[in-house]
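**Student:** Below you will find the structure I want to go over with you.
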Amino acid sequence: MGWQSGGVIARSDAEELDRADPLAHWRDEFVIPDDDVVYLDGNSLGRTPKRTVEALHRLVEEQWAGDLIESWWEHGWLDLALTVGDELAPLLGAASGEVAVHESTTVSIFQQVNVAIDLLDRPHDHRPVIAVDAADFPTDRYVAEGIARLRGGEIRPGLDDLTGVDVVLRSLVDYRTAEVADLHGETERARGHGAVTVWDLSHAAGVLELDLPAAGVELAVGCSYKFLNGGPGAPAFVFVSRQVQDRVVQPIWGWFAQSDQFAMERPFAPRAGMGRMLNGTPPVLGLTAAREGVRLTVEAGIDAVAEKARRLTGFGLELADQFGLETATPRDPARRGGHVAVRHPEARRLHDQLTARRVVVDRRDPDILRLGMSPLTTRFTDVFDATVALADCAAS
């Protein structure tokens, strides 16, 4: 291709890349009612797997409607949070029994930060210090602030100085720029200061190769509705290393975490292993949807998915350069996630104009447009068409 030798990138180059794409056929696994819509927002909400539609039909029409309450036993609903967790575990480099999928991301972060504080076994009257980047995703900051309020602690707004910090809460992938933090190095830096790190993998799971145990990670959390295509509001996952599970005391006690769940009158005694991270009745509909999205990524192979993500984002960065668009995303493929952030002072106007052209991207005020590239559904021609449309709008 001419552009690889320094020539101008043409749409035919994107078409050739799509023809050679070993993951191209996975797009057929998704419901895409209008092929002309350019959808580059899978980093916010992934597309709908066809298998999810079929699985939900079976769940509602056969299991719920047909088998009713017996479905908890007949169809494995009772253990679904842990079963889906085991299916997701390989995408995190985790082992069976180290992941549960059951709650919202917000509740899961609340659980994990409290777990981290208690793992440190500080004196009862200790006032915990939680470090969180002042520019991290709002939910992470809000949850940290709420926990500090409840536990009489304080927030350290920044990650440079970890002296005196108890818990570090941070995202592996910056939701604005797609910059990837040093998972192993930053976990070890925090540990060197006596702090436990809770990693938010919401923009990393399903698009990056991860090996949490090898990086020394003890606690992590992430959503399933972005690159894992789990559906709107799909339940989040929590990872707890086997090395600390027996010391975990999570803050939200419920009957699904009870060691003898159906012995109703007994005092609470937590289950062994990941079961102690559960609380109330799991969201069976949401778990069923999340499970199908997870299975697709596992089947496609996270190595191949991550490689395509690097190629898509690299292609997007080259196009941004060609059309004179400013980007905030790292050029090093090992340091970026699954989206390209274009910075423009009139991001709101551009977003509205792109939407009118049926090009769907995400906006982060005040000046960032995020072009999300979900490897199982995004084509190189999508990236080309979106970038051309964006450059055209910016020039008008």
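Going through the structure tokens in order, the chains are called A, B, and so on, while each chain numbers its residues from 1 and the ligands are numbered from 1 in the order shown.
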For the structure I just gave you, how does DSSP split range 51-180 of chain A - specifically, which residues are strand (DSSP E)? Reply as a VMD selection string.

**Tutor:** chain A and resid 99 to 103 129 to 132 154 to 157 167 to 171

**Student:** Please provide the set of residues having any atom within 7 Å of Gly153 in chain A, restricted to only C-alpha atoms, with same-chain residues fewer than 4 positions apart removed, written as a count of residues only.

**Tutor:** 5

**Student:** Applying 8 Å and only C-alpha atoms, which residues near Gln250 in chain A remain after dropping the ones on its own chain fewer than 5 positions away? List them as a PyMOL selection string.

**Tutor:** chain A and resi 111-112+114-115+276-277

**Student:** Which residue gives the smallest distance to Arg331 in chain A among A:Ala131, A:Val143, A:Leu208, A:Val180, with only C-alpha atoms counted?

**Tutor:**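 Ranked by minimum distance to Arg331 in chain A, first place goes to A:Val180.
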
**Student:** How close does range 40-98 of chain A get to range 12-29 of chain A? List, as JSON lines, each residue of range 40-98 of chain A within 8 Å, its nearest atom pair and the distance in Å to one decimal, counting only C-alpha atoms.

**Tutor:**
```
{"residue": "A:Pro49", "atom": "CA", "partner": "A:Glu29", "partner_atom": "CA", "distance": 5.9}
{"residue": "A:Lys50", "atom": "CA", "partner": "A:Glu29", "partner_atom": "CA", "distance": 5.7}
{"residue": "A:Arg51", "atom": "CA", "partner": "A:Glu29", "partner_atom": "CA", "distance": 7.5}
```

**Student:** Please write the residues from the selection above to a file, keeping C-alpha atoms, as a PDB file, in the first residue's frame.

**Tutor:**
```pdb
ATOM      1  CA  PRO A  49     -24.192  -9.836  20.230  1.00  0.00           C
ATOM      2  CA  LYS A  50     -26.721 -11.984  18.380  1.00  0.00           C
ATOM      3  CA  ARG A  51     -26.059 -14.698  20.935  1.00  0.00           C
TER       4      ARG A  51
END
```

**Student:** Name the residues in contact with Asp36 in chain A at a cut-off of 10 Å, using only C-alpha atoms, excluding same-chain residues fewer than 6 positions from it; report them as a ChimeraX atom specification.

**Tutor:** /A:358-359,382

**Student:** Could you check the closest approach to Val388 in chain A for each of A:Ala204, A:Leu354, A:Ala300, A:Ala190 and tell me which residue wins, using only C-alpha atoms?

**Tutor:**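 Using only C-alpha atoms, the shortest distance to Val388 in chain A belongs to A:Leu354.
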
**Student:** Give me, as a PyMOL selection string, all polymer residues having an atom no more than 6 Å from Thr105 in chain A, counting only C-alpha atoms and skipping those fewer than 3 positions away in the same chain.

**Tutor:** chain A and resi 108+223+236

**Student:** Quick one: everything within 12 Å of Ala356 in chain A, counting only C-alpha atoms, minus sequence neighbours fewer than 6 positions away in the same chain. Send it as a PyMOL selection string.

**Tutor:** chain A and resi 37-38+349-350+389-390+393

**Student:** CA of Pro270 in chain A and CA of Val248 in chain A, how far apart in Å?

**Tutor:**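 Between CA of Val248 in chain A and CA of Pro270 in chain A the gap is 9.4 Å.
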
**Student:** Could you tell me which of A:Thr313, A:Thr52, A:Thr163, A:Asn43 comes closest to Phe384 in chain A if we count only C-alpha atoms?

**Tutor:**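 Checking each candidate against Phe384 in chain A, we get A:Thr313 as the closest.
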
**Student:** Could you tell me which of A:Leu91, A:Ala181, A:Leu159, A:Val99 comes closest to Arg335 in chain A if we count only C-alpha atoms?

**Tutor:**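 Of all the options, A:Ala181 lies closest to Arg335 in chain A.
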
**Student:** Counting only C-alpha atoms, which of A:Ala234, A:Ala135, A:Leu80, A:Val60 gets nearest to Leu278 in chain A?

**Tutor:**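 Selected residue with least distance to Leu278 in chain A: A:Leu80.
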